[in-house]
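Participant: One file: final_25.pdb (PDB, C-alpha atoms).
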ATOM      1  CA  MET M 375     -34.519  18.341   5.808
ATOM      2  CA  ARG M 376     -31.388  16.852   4.308
ATOM      3  CA  ALA M 377     -28.174  17.834   5.923
ATOM      4  CA  ALA M 378     -25.976  20.135   3.863
ATOM      5  CA  THR M 379     -23.175  17.598   4.147
ATOM      6  CA  SER M 380     -25.196  14.582   3.100
ATOM      7  CA  ASN M 381     -23.191  13.700  -0.005
ATOM      8  CA  ALA M 382     -21.580  10.361   0.892
ATOM      9  CA  GLY M 383     -20.789  11.791   4.312
ATOM     10  CA  ASP M 384     -17.574  13.312   2.969
ATOM     11  CA  GLY M 385     -18.515  16.921   3.800
ATOM     12  CA  VAL M 386     -18.704  17.768   0.086
ATOM     13  CA  ILE M 387     -22.013  19.107  -1.117
ATOM     14  CA  GLY M 388     -23.353  19.224  -4.633
ATOM     15  CA  ALA M 389     -26.343  20.647  -6.471
ATOM     16  CA  LYS M 390     -28.371  17.471  -5.829
ATOM     17  CA  ASP M 391     -28.140  18.119  -2.075
ATOM     18  CA  ARG M 392     -29.797  21.527  -2.278
ATOM     19  CA  PRO M 393     -32.206  21.700   0.664
ATOM     20  CA  SER M 394     -35.789  22.788   0.130
ATOM     21  CA  ASN M 395     -35.966  24.272   3.622
ATOM     22  CA  LEU M 396     -33.052  25.757   5.529
ATOM     23  CA  THR M 397     -34.865  26.530   8.770
ATOM     24  CA  GLY M 398     -33.516  23.526  10.659
ATOM     25  CA  ALA M 399     -29.964  23.722   9.314
ATOM     26  CA  SER M 400     -27.073  24.886  11.492
ATOM     27  CA  ASP M 401     -25.337  28.183  10.777
ATOM     28  CA  PRO M 402     -22.229  26.499   9.276
ATOM     29  CA  GLU M 403     -24.473  24.421   7.006
ATOM     30  CA  VAL M 404     -26.374  27.475   5.794
ATOM     31  CA  ALA M 405     -23.110  29.385   5.320
ATOM     32  CA  GLN M 406     -21.742  26.466   3.292
ATOM     33  CA  TRP M 407     -24.765  26.628   1.008
ATOM     34  CA  ALA M 408     -24.249  30.358   0.621
ATOM     35  CA  GLN M 409     -20.610  29.727  -0.287
ATOM     36  CA  HIS M 410     -21.934  27.575  -3.143
ATOM     37  CA  GLY M 411     -24.181  30.351  -4.439
ATOM     38  CA  HIS M 412     -27.501  29.082  -3.032
ATOM     39  CA  GLU M 413     -29.529  32.313  -2.866
ATOM     40  CA  PRO M 414     -32.037  31.148  -0.186
ATOM     41  CA  ALA M 415     -29.082  30.504   2.120
ATOM     42  CA  PHE M 416     -28.122  34.200   1.959
ATOM     43  CA  ARG M 417     -31.685  35.177   2.841
ATOM     44  CA  GLU M 418     -31.724  32.681   5.704
ATOM     45  CA  LEU M 419     -28.561  34.178   7.221
ATOM     46  CA  VAL M 420     -30.062  37.688   7.042
ATOM     47  CA  ARG M 421     -33.335  36.448   8.519
ATOM     48  CA  ARG M 422     -31.519  34.739  11.434
ATOM     49  CA  TYR M 423     -29.303  37.654  12.331
ATOM     50  CA  GLU M 424     -31.180  40.825  11.333
ATOM     51  CA  ARG M 425     -32.644  41.348  14.812
ATOM     52  CA  PRO M 426     -29.569  40.469  16.927
ATOM     53  CA  VAL M 427     -27.229  42.517  14.735
ATOM     54  CA  PHE M 428     -29.604  45.467  14.440
ATOM     55  CA  SER M 429     -30.294  45.441  18.210
ATOM     56  CA  LEU M 430     -26.585  45.484  19.070
ATOM     57  CA  LEU M 431     -25.932  48.354  16.656
ATOM     58  CA  TYR M 432     -29.011  50.304  17.745
ATOM     59  CA  ARG M 433     -27.943  50.143  21.388
ATOM     60  CA  MET M 434     -24.398  51.100  20.437
ATOM     61  CA  VAL M 435     -25.281  54.192  18.370
ATOM     62  CA  ARG M 436     -28.816  54.980  19.671
ATOM     63  CA  ASP M 437     -30.046  56.114  16.268
ATOM     64  CA  ARG M 438     -32.437  53.864  14.343
ATOM     65  CA  ALA M 439     -31.609  55.046  10.834
ATOM     66  CA  LEU M 440     -27.880  54.939  11.469
ATOM     67  CA  ALA M 441     -28.111  51.498  13.094
ATOM     68  CA  GLU M 442     -29.955  50.225  10.032
ATOM     69  CA  ASP M 443     -27.277  51.647   7.714
ATOM     70  CA  LEU M 444     -24.557  49.974   9.795
ATOM     71  CA  ALA M 445     -26.515  46.710   9.897
ATOM     72  CA  GLN M 446     -26.840  46.753   6.099
ATOM     73  CA  GLU M 447     -23.127  47.499   5.799
ATOM     74  CA  THR M 448     -22.397  44.569   8.130
ATOM     75  CA  PHE M 449     -24.521  42.060   6.204
ATOM     76  CA  ILE M 450     -23.197  43.174   2.826
ATOM     77  CA  LYS M 451     -19.623  42.802   4.060
ATOM     78  CA  VAL M 452     -20.333  39.379   5.570
ATOM     79  CA  LEU M 453     -22.323  38.003   2.649
ATOM     80  CA  ASN M 454     -20.031  39.359  -0.042
ATOM     81  CA  GLY M 455     -17.145  37.812   1.868
ATOM     82  CA  ILE M 456     -18.914  34.525   2.619
ATOM     83  CA  LYS M 457     -16.248  32.554   0.726
ATOM     84  CA  SER M 458     -13.748  33.505   3.447
ATOM     85  CA  TYR M 459     -15.945  32.206   6.296
ATOM     86  CA  ASN M 460     -14.306  29.342   8.157
ATOM     87  CA  PRO M 461     -17.000  26.988   9.547
ATOM     88  CA  GLN M 462     -14.670  26.019  12.402
ATOM     89  CA  PHE M 463     -15.621  29.337  14.005
ATOM     90  CA  LYS M 464     -19.096  30.395  15.072
ATOM     91  CA  PHE M 465     -20.890  32.367  12.371
ATOM     92  CA  SER M 466     -22.408  34.562  15.075
ATOM     93  CA  SER M 467     -18.935  35.515  16.358
ATOM     94  CA  TRP M 468     -17.889  36.506  12.839
ATOM     95  CA  ILE M 469     -20.927  38.675  12.127
ATOM     96  CA  PHE M 470     -20.893  40.333  15.570
ATOM     97  CA  LYS M 471     -17.203  41.133  15.142
ATOM     98  CA  ILE M 472     -17.933  42.969  11.893
ATOM     99  CA  ALA M 473     -20.998  44.703  13.359
ATOM    100  CA  ASN M 474     -19.122  45.832  16.453
ATOM    101  CA  ASN M 475     -16.219  47.128  14.379
ATOM    102  CA  ALA M 476     -18.687  49.144  12.286
ATOM    103  CA  ALA M 477     -20.210  50.653  15.440
ATOM    104  CA  ILE M 478     -16.886  51.431  17.118
ATOM    105  CA  ASP M 479     -15.490  52.990  13.916
ATOM    106  CA  HIS M 480     -18.554  55.173  13.688
ATOM    107  CA  LEU M 481     -18.454  56.201  17.343
ATOM    108  CA  ARG M 482     -14.782  57.082  17.076
ATOM    109  CA  LYS M 483     -15.432  59.240  14.039
ATOM    110  CA  ARG M 484     -18.485  60.972  15.382
ATOM    111  CA  ASP M 485     -17.757  60.801  19.104
ATOM    112  CA  LEU M 486     -21.386  59.870  19.611
ATOM    113  CA  ASP M 487     -20.510  58.041  22.796
ATOM    114  CA  THR M 488     -20.232  61.372  24.576
ATOM    115  CA  LEU M 489     -23.865  62.178  23.870
ATOM    116  CA  SER M 490     -26.768  60.584  25.651
ATOM    117  CA  LEU M 491     -30.298  61.491  26.560
ATOM    118  CA  ASP M 492     -28.933  62.874  29.833
ATOM    119  CA  GLY M 493     -26.135  64.847  28.252
ATOM    120  CA  SER M 494     -22.410  64.345  28.024
ATOM    121  CA  PRO M 495     -20.847  62.219  30.770
ATOM    122  CA  HIS M 496     -18.061  64.802  30.771
ATOM    123  CA  ALA M 497     -20.438  67.589  31.797
ATOM    124  CA  THR M 498     -19.713  68.740  35.339
ATOM    125  CA  THR M 499     -22.579  71.162  35.938
ATOM    126  CA  PRO M 500     -26.358  70.907  35.409
ATOM    127  CA  GLU M 501     -26.061  73.637  32.760
ATOM    128  CA  GLU M 502     -23.483  71.641  30.798
ATOM    129  CA  MET M 503     -25.606  68.491  31.044
ATOM    130  CA  SER M 504     -28.645  70.363  29.816
ATOM    131  CA  ALA M 505     -26.722  71.944  26.938
ATOM    132  CA  THR M 506     -25.424  68.578  25.731
ATOM    133  CA  ALA M 507     -28.576  66.518  26.294
ATOM    134  CA  LEU M 508     -30.684  65.229  23.429
ATOM    135  CA  GLN M 509     -33.898  67.203  23.795
ATOM    136  CA  LEU M 510     -36.228  64.638  22.315
ATOM    137  CA  GLY M 511     -39.322  66.085  23.897
ATOM    138  CA  ASP M 512     -38.722  69.750  23.232
ATOM    139  CA  ARG M 513     -38.232  70.211  19.543
ATOM    140  CA  GLY M 514     -41.192  68.570  17.902
ATOM    141  CA  GLU M 515     -40.237  64.922  17.643
ATOM    142  CA  SER M 516     -40.289  63.161  14.321
ATOM    143  CA  PRO M 517     -42.089  59.800  14.342
ATOM    144  CA  LEU M 518     -38.685  58.099  14.255
ATOM    145  CA  GLN M 519     -37.467  60.077  17.274
ATOM    146  CA  GLU M 520     -40.632  59.167  19.129
ATOM    147  CA  VAL M 521     -39.954  55.501  18.398
ATOM    148  CA  GLU M 522     -36.356  55.868  19.604
ATOM    149  CA  ALA M 523     -37.461  57.609  22.812
ATOM    150  CA  ARG M 524     -39.981  54.851  23.482
ATOM    151  CA  GLU M 525     -37.629  51.974  22.652
ATOM    152  CA  LEU M 526     -34.517  53.296  24.388
ATOM    153  CA  GLY M 527     -36.098  55.383  27.141
ATOM    154  CA  SER M 528     -36.278  52.827  29.963
ATOM    155  CA  ALA M 529     -33.940  53.153  32.936
ATOM    156  CA  ILE M 530     -31.850  50.147  31.957
ATOM    157  CA  GLU M 531     -31.491  51.342  28.337
ATOM    158  CA  ARG M 532     -30.425  54.795  29.538
ATOM    159  CA  ALA M 533     -27.927  53.227  31.920
ATOM    160  CA  ILE M 534     -26.464  51.102  29.102
ATOM    161  CA  ALA M 535     -26.141  54.239  26.972
ATOM    162  CA  LYS M 536     -23.957  55.838  29.642
ATOM    163  CA  LEU M 537     -21.371  53.066  29.515
ATOM    164  CA  ARG M 538     -18.156  53.442  27.543
ATOM    165  CA  PRO M 539     -18.673  51.811  24.114
ATOM    166  CA  GLU M 540     -16.197  49.028  24.973
ATOM    167  CA  TYR M 541     -18.067  48.173  28.188
ATOM    168  CA  ARG M 542     -21.416  48.495  26.385
ATOM    169  CA  ALA M 543     -20.387  46.037  23.664
ATOM    170  CA  CYS M 544     -19.148  43.518  26.252
ATOM    171  CA  ILE M 545     -22.299  43.776  28.372
ATOM    172  CA  LEU M 546     -24.609  43.419  25.364
ATOM    173  CA  LEU M 547     -22.715  40.455  23.939
ATOM    174  CA  ARG M 548     -22.631  38.719  27.330
ATOM    175  CA  HIS M 549     -26.054  39.445  28.783
ATOM    176  CA  VAL M 550     -28.277  40.033  25.751
ATOM    177  CA  GLU M 551     -26.678  37.737  23.172
ATOM    178  CA  GLY M 552     -25.433  35.161  25.680
ATOM    179  CA  HIS M 553     -21.854  34.805  24.378
ATOM    180  CA  SER M 554     -19.188  33.305  26.622
ATOM    181  CA  TYR M 555     -16.262  35.396  27.820
ATOM    182  CA  GLU M 556     -13.990  33.502  25.415
ATOM    183  CA  GLU M 557     -16.267  34.214  22.444
ATOM    184  CA  ILE M 558     -16.447  37.901  23.376
ATOM    185  CA  ALA M 559     -12.655  38.037  23.531
ATOM    186  CA  ARG M 560     -12.517  36.637  19.978
ATOM    187  CA  ILE M 561     -15.278  38.955  18.716
ATOM    188  CA  LEU M 562     -13.680  42.080  20.155
ATOM    189  CA  ASP M 563     -10.049  41.018  19.650
ATOM    190  CA  LEU M 564      -9.346  41.599  23.338
ATOM    191  CA  PRO M 565      -7.482  39.508  25.913
ATOM    192  CA  LEU M 566      -9.802  37.376  28.046
ATOM    193  CA  GLY M 567      -8.769  39.228  31.215
ATOM    194  CA  THR M 568      -9.688  42.565  29.646
ATOM    195  CA  VAL M 569     -13.120  41.264  28.687
ATOM    196  CA  LYS M 570     -13.730  40.083  32.261
ATOM    197  CA  THR M 571     -12.614  43.451  33.616
ATOM    198  CA  TYR M 572     -14.850  45.371  31.184
ATOM    199  CA  ILE M 573     -17.865  43.224  32.038
ATOM    200  CA  HIS M 574     -17.377  43.527  35.798
ATOM    201  CA  ARG M 575     -16.815  47.283  35.565
ATOM    202  CA  GLY M 576     -19.735  47.670  33.184
ATOM    203  CA  ARG M 577     -22.052  45.832  35.558
ATOM    204  CA  ASN M 578     -20.840  47.881  38.519
ATOM    205  CA  GLU M 579     -21.502  51.101  36.594
ATOM    206  CA  LEU M 580     -24.957  49.905  35.542
ATOM    207  CA  ARG M 581     -25.844  49.165  39.166
ATOM    208  CA  VAL M 582     -24.617  52.597  40.255
ATOM    209  CA  TYR M 583     -26.650  54.344  37.526
ATOM    210  CA  LEU M 584     -29.755  52.352  38.368
ATOM    211  CA  GLU M 585     -29.384  52.922  42.116
ATOM    212  CA  ASP M 586     -28.707  56.661  41.634
ATOM    213  CA  ARG M 587     -31.951  56.879  39.705
ATOM    214  CA  LYS M 588     -33.865  55.432  42.652
ATOM    215  CA  ALA M 589     -32.110  57.572  45.279
TER
ATOM    216  CA  MET F 476     -14.501  26.093  59.766
ATOM    217  CA  THR F 477     -12.314  25.635  56.682
ATOM    218  CA  GLU F 478     -10.819  28.579  54.856
ATOM    219  CA  PRO F 479     -12.980  28.422  51.668
ATOM    220  CA  LEU F 480     -16.044  28.892  53.825
ATOM    221  CA  LEU F 481     -14.660  32.184  55.109
ATOM    222  CA  GLN F 482     -13.670  33.586  51.723
ATOM    223  CA  HIS F 483     -16.112  36.026  50.150
ATOM    224  CA  LEU F 484     -17.300  35.155  46.668
ATOM    225  CA  THR F 485     -15.276  36.561  43.778
ATOM    226  CA  PRO F 486     -17.076  38.520  41.014
ATOM    227  CA  ASP F 487     -16.901  35.379  38.836
ATOM    228  CA  GLU F 488     -18.482  33.301  41.600
ATOM    229  CA  LEU F 489     -21.201  35.912  42.138
ATOM    230  CA  GLU F 490     -22.017  35.643  38.430
ATOM    231  CA  LEU F 491     -22.152  31.860  38.686
ATOM    232  CA  TRP F 492     -24.452  32.103  41.687
ATOM    233  CA  ALA F 493     -26.754  34.553  39.910
ATOM    234  CA  GLN F 494     -27.005  32.003  37.087
ATOM    235  CA  GLY F 495     -27.602  29.125  39.491
ATOM    236  CA  LEU F 496     -24.230  27.547  38.633
ATOM    237  CA  LEU F 497     -22.210  28.056  41.811
ATOM    238  CA  PRO F 498     -20.633  24.824  43.152
ATOM    239  CA  ALA F 499     -22.346  23.577  46.291
ATOM    240  CA  ALA F 500     -19.171  23.966  48.361
ATOM    241  CA  ARG F 501     -19.216  27.732  47.828
ATOM    242  CA  ASP F 502     -22.970  27.889  48.282
ATOM    243  CA  ILE F 503     -22.372  27.108  51.946
ATOM    244  CA  HIS F 504     -20.503  30.393  52.330
ATOM    245  CA  LEU F 505     -23.469  32.286  50.909
ATOM    246  CA  ALA F 506     -25.796  30.759  53.461
ATOM    247  CA  GLN F 507     -23.596  32.225  56.196
ATOM    248  CA  CYS F 508     -22.590  35.562  54.670
ATOM    249  CA  ALA F 509     -25.159  38.340  54.468
ATOM    250  CA  GLU F 510     -22.740  40.583  52.557
ATOM    251  CA  CYS F 511     -22.253  38.071  49.711
ATOM    252  CA  ARG F 512     -25.978  37.313  49.637
ATOM    253  CA  ALA F 513     -26.763  41.004  49.222
ATOM    254  CA  LEU F 514     -24.164  41.356  46.460
ATOM    255  CA  GLY F 515     -25.460  38.217  44.761
ATOM    256  CA  GLU F 516     -29.057  39.445  44.866
ATOM    257  CA  ARG F 517     -28.024  42.751  43.278
ATOM    258  CA  GLU F 518     -26.185  40.836  40.562
ATOM    259  CA  ARG F 519     -29.138  38.546  39.947
ATOM    260  CA  LYS F 520     -31.522  41.503  39.683
ATOM    261  CA  LEU F 521     -29.315  43.204  37.110
ATOM    262  CA  PHE F 522     -29.000  39.980  35.078
ATOM    263  CA  ARG F 523     -32.772  39.662  35.016
ATOM    264  CA  GLU F 524     -33.181  43.234  33.757
ATOM    265  CA  LEU F 525     -30.581  42.702  31.045
ATOM    266  CA  ALA F 526     -32.064  39.366  29.988
ATOM    267  CA  ARG F 527     -35.458  40.990  29.548
ATOM    268  CA  LEU F 528     -34.164  43.549  27.040
ATOM    269  CA  PRO F 529     -36.054  43.162  23.771
ATOM    270  CA  ARG F 530     -34.528  42.498  20.383
ATOM    271  CA  PHE F 531     -35.439  45.268  17.983
ATOM    272  CA  ALA F 532     -36.308  44.750  14.336
ATOM    273  CA  PRO F 533     -35.037  46.921  11.499
ATOM    274  CA  GLU F 534     -37.580  48.573   9.193
ATOM    275  CA  PHE F 535     -39.746  46.330   7.015
ATOM    276  CA  GLY F 536     -37.963  45.194   3.843
ATOM    277  CA  PHE F 537     -34.494  44.982   5.399
ATOM    278  CA  VAL F 538     -33.775  41.554   3.872
ATOM    279  CA  GLU F 539     -34.614  42.822   0.378
ATOM    280  CA  ARG F 540     -32.488  45.936   0.803
ATOM    281  CA  VAL F 541     -29.526  43.782   1.807
ATOM    282  CA  MET F 542     -30.113  41.199  -0.925
ATOM    283  CA  GLY F 543     -30.222  43.977  -3.511
ATOM    284  CA  ARG F 544     -26.563  44.709  -2.746
ATOM    285  CA  VAL F 545     -25.185  41.198  -2.322
ATOM    286  CA  ARG F 546     -23.192  39.459  -5.062
ATOM    287  CA  ILE F 547     -24.255  35.823  -5.145
ATOM    288  CA  PRO F 548     -21.399  33.630  -6.430
ATOM    289  CA  SER F 549     -22.240  31.370  -9.372
ATOM    290  CA  PRO F 550     -22.164  27.700  -8.446
ATOM    291  CA  SER F 551     -19.100  26.033  -9.921
ATOM    292  CA  ASN F 552     -19.474  23.354 -12.617
ATOM    293  CA  GLU F 553     -17.991  20.867 -10.177
ATOM    294  CA  PHE F 554     -20.795  21.705  -7.708
ATOM    295  CA  GLU F 555     -23.527  21.457 -10.361
ATOM    296  CA  ASN F 556     -22.268  18.085 -11.584
ATOM    297  CA  ARG F 557     -22.064  16.458  -8.124
TER
END
Let me see the file written as structure tokens.
Facilitator:
Amino acid sequence: MRAATSNAGDGVIGAKDRPSNLTGASDPEVAQWAQHGHEPAFRELVRRYERPVFSLLYRMVRDRALAEDLAQETFIKVLNGIKSYNPQFKFSSWIFKIANNAAIDHLRKRDLDTLSLDGSPHATTPEEMSATALQLGDRGESPLQEVEARELGSAIERAIAKLRPEYRACILLRHVEGHSYEEIARILDLPLGTVKTYIHRGRNELRVYLEDRKA
Amino acid sequence: MTEPLLQHLTPDELELWAQGLLPAARDIHLAQCAECRALGERERKLFRELARLPRFAPEFGFVERVMGRVRIPSPSNEFENR
């Protein structure tokens, strides 16, 4: 395909440069086409990031329908604000920053982070844990709840759910999405040292949860 | 024995080792230190589990639902004439 910046090599694109296929273009190239109102470029950005963004949000809020709402909100915010995207920065960092903010805002409002399949992490007795646990198997699961239980029911998913949202976001961005520490610091607006601390603590907690399960 | 050989690996170095990126000089310590090897193996196992996590897909028709709410800017005359 033609590069989005093919016009005389000056970085300025025009209608004659419109690509017929965006699959091989880089994110900044596709974003530049979107900035010029090329509708397929918008679709391409959604296609590239729907799974990574939805997966991050789903693991943050552990509710499929809610994660989809937040993912839609994220894409609409990003695409309606595409003119403000600066191609000097990674598009993925920009979209994950908006997605993570949406998740954290929601968790703060709803305090969903205190609820997991095993009950509140603040529960100190088995009775409290039982009272605060999500009883997916006991109340006649909807098809969606069955899907959620299947998708997020493994030991590692349950361990991730027990992490503080800040640790969870860092771990997912580092180990699932493969971002560097520096990129995560930019995405989460945190000092680099804080990101390192969160990731090390998050990994230690994951190991403890996974080892407790085996004991 | 020089001092670096005696120093246990830091958390950053354990991560590098689990990714196969630890400098050879520090690798020598691992060969001699059962404690660091055990920690490194635990780290590597966790990394593998995390790396195997699947990416989930939203419900069918997600792209259309998003596109239905996006305002596509009109190309400028300058753009059309280039």
Participant: Using all atoms listed in the file, which of the listed residues (F:Ala526, F:Ala499, F:Ala532, F:Ala493) sits closest to F:Ala513?
Facilitator: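 Between F:Ala526, F:Ala499, F:Ala532, F:Ala493, the residue approaching F:Ala513 most closely is F:Ala493.
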Participant: On this structure, the ChimeraX specification (/M :<8) & /F would catch which residues? List them as a PyMOL selection string, sorted by chain and number.
Facilitator: chain F and resi 486+517+521-522+524-526+528+530-534+537-538+540-542+544-551+553-557
Participant: Taking into account only C-alpha atoms, which residue in the set M:Pro402, M:Val569, M:Pro414, M:Met434 is nearest to M:Leu526?
Facilitator: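 Of the candidates, the smallest distance to M:Leu526 is held by M:Met434.
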Participant: Which distance in Å separates atom CA of M:Ser400 and atom CA of M:Leu444, to one decimal?
Facilitator: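 Computed distance, atom CA of M:Ser400 to atom CA of M:Leu444, equals 25.3 Å.
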Participant: If you measure from atom CA of F:Ile503 to atom CA of F:His483, what distance in Å do you get, rounded to one decimal?
Facilitator: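 A separation of 11.0 Å between them.
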Participant: Measure the distance from atom CA of M:Ile573 to atom CA of F:Leu491 in Å and round it to one decimal.
Facilitator: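 Here the two named atoms are 13.8 Å from each other.
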Participant: Of the candidates M:Ser554, M:Leu562, M:Leu396, M:Arg484, which shows the shortest atom-to-atom distance to M:Phe470, using all atoms listed in the file?
Facilitator: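 Result for the nearest residue to M:Phe470: M:Leu562.
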Participant: Translate the PyMOL selection byres ((chain M and resi 539) around 12) into a concrete residue list for this structure, as an MDAnalysis selection string.
Facilitator: chainID M and resid 430:431 433:436 474:475 477:482 485:489 534:538 540:546 562 572:573 576
Participant: Write a file of the just-selected residues containing C-alpha atoms, as a CSV table (one decimal), in the frame of the given file.
Facilitator:
chain,number,residue,atom,x,y,z
M,430,LEU,CA,-26.6,45.5,19.1
M,431,LEU,CA,-25.9,48.4,16.7
M,433,ARG,CA,-27.9,50.1,21.4
M,434,MET,CA,-24.4,51.1,20.4
M,435,VAL,CA,-25.3,54.2,18.4
M,436,ARG,CA,-28.8,55.0,19.7
M,474,ASN,CA,-19.1,45.8,16.5
M,475,ASN,CA,-16.2,47.1,14.4
M,477,ALA,CA,-20.2,50.7,15.4
M,478,ILE,CA,-16.9,51.4,17.1
M,479,ASP,CA,-15.5,53.0,13.9
M,480,HIS,CA,-18.6,55.2,13.7
M,481,LEU,CA,-18.5,56.2,17.3
M,482,ARG,CA,-14.8,57.1,17.1
M,485,ASP,CA,-17.8,60.8,19.1
M,486,LEU,CA,-21.4,59.9,19.6
M,487,ASP,CA,-20.5,58.0,22.8
M,488,THR,CA,-20.2,61.4,24.6
M,489,LEU,CA,-23.9,62.2,23.9
M,534,ILE,CA,-26.5,51.1,29.1
M,535,ALA,CA,-26.1,54.2,27.0
M,536,LYS,CA,-24.0,55.8,29.6
M,537,LEU,CA,-21.4,53.1,29.5
M,538,ARG,CA,-18.2,53.4,27.5
M,540,GLU,CA,-16.2,49.0,25.0
M,541,TYR,CA,-18.1,48.2,28.2
M,542,ARG,CA,-21.4,48.5,26.4
M,543,ALA,CA,-20.4,46.0,23.7
M,544,CYS,CA,-19.1,43.5,26.3
M,545,ILE,CA,-22.3,43.8,28.4
M,546,LEU,CA,-24.6,43.4,25.4
M,562,LEU,CA,-13.7,42.1,20.2
M,572,TYR,CA,-14.8,45.4,31.2
M,573,ILE,CA,-17.9,43.2,32.0
M,576,GLY,CA,-19.7,47.7,33.2
Participant: What does the PyMOL selection byres ((chain F and resi 489) around 10) select in this file, as a ChimeraX atom specification?
Facilitator: /F:483-488,490-497,505,511-512,514-519
Participant: Work out where the centre of an axis-aligned box around every listed atom of stretch 531-536 of chain F lies and how long its edges are once 6 Å is added on each side; give both in Å to one decimal as lines of an AutoDock Vina configuration file.
Facilitator:
center_x = -37.4
center_y = 46.7
center_z = 10.9
size_x = 16.7
size_y = 15.8
size_z = 26.1
Participant: Tell me which of M:Ala533, M:Tyr459, M:Leu547, M:Lys464 sits closest to M:Asp586, counting all atoms listed in the file.
Facilitator: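 Once distances to M:Asp586 are computed over all atoms listed in the file, the minimum belongs to M:Ala533.
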Participant: Using only C-alpha atoms, pick whichever of M:Glu515, M:Glu557, M:Asp437, M:Asp401 has the shortest atom-to-atom distance to M:Ser467.
Facilitator: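 Of M:Glu515, M:Glu557, M:Asp437, M:Asp401, the one nearest M:Ser467 is M:Glu557, counting only C-alpha atoms.
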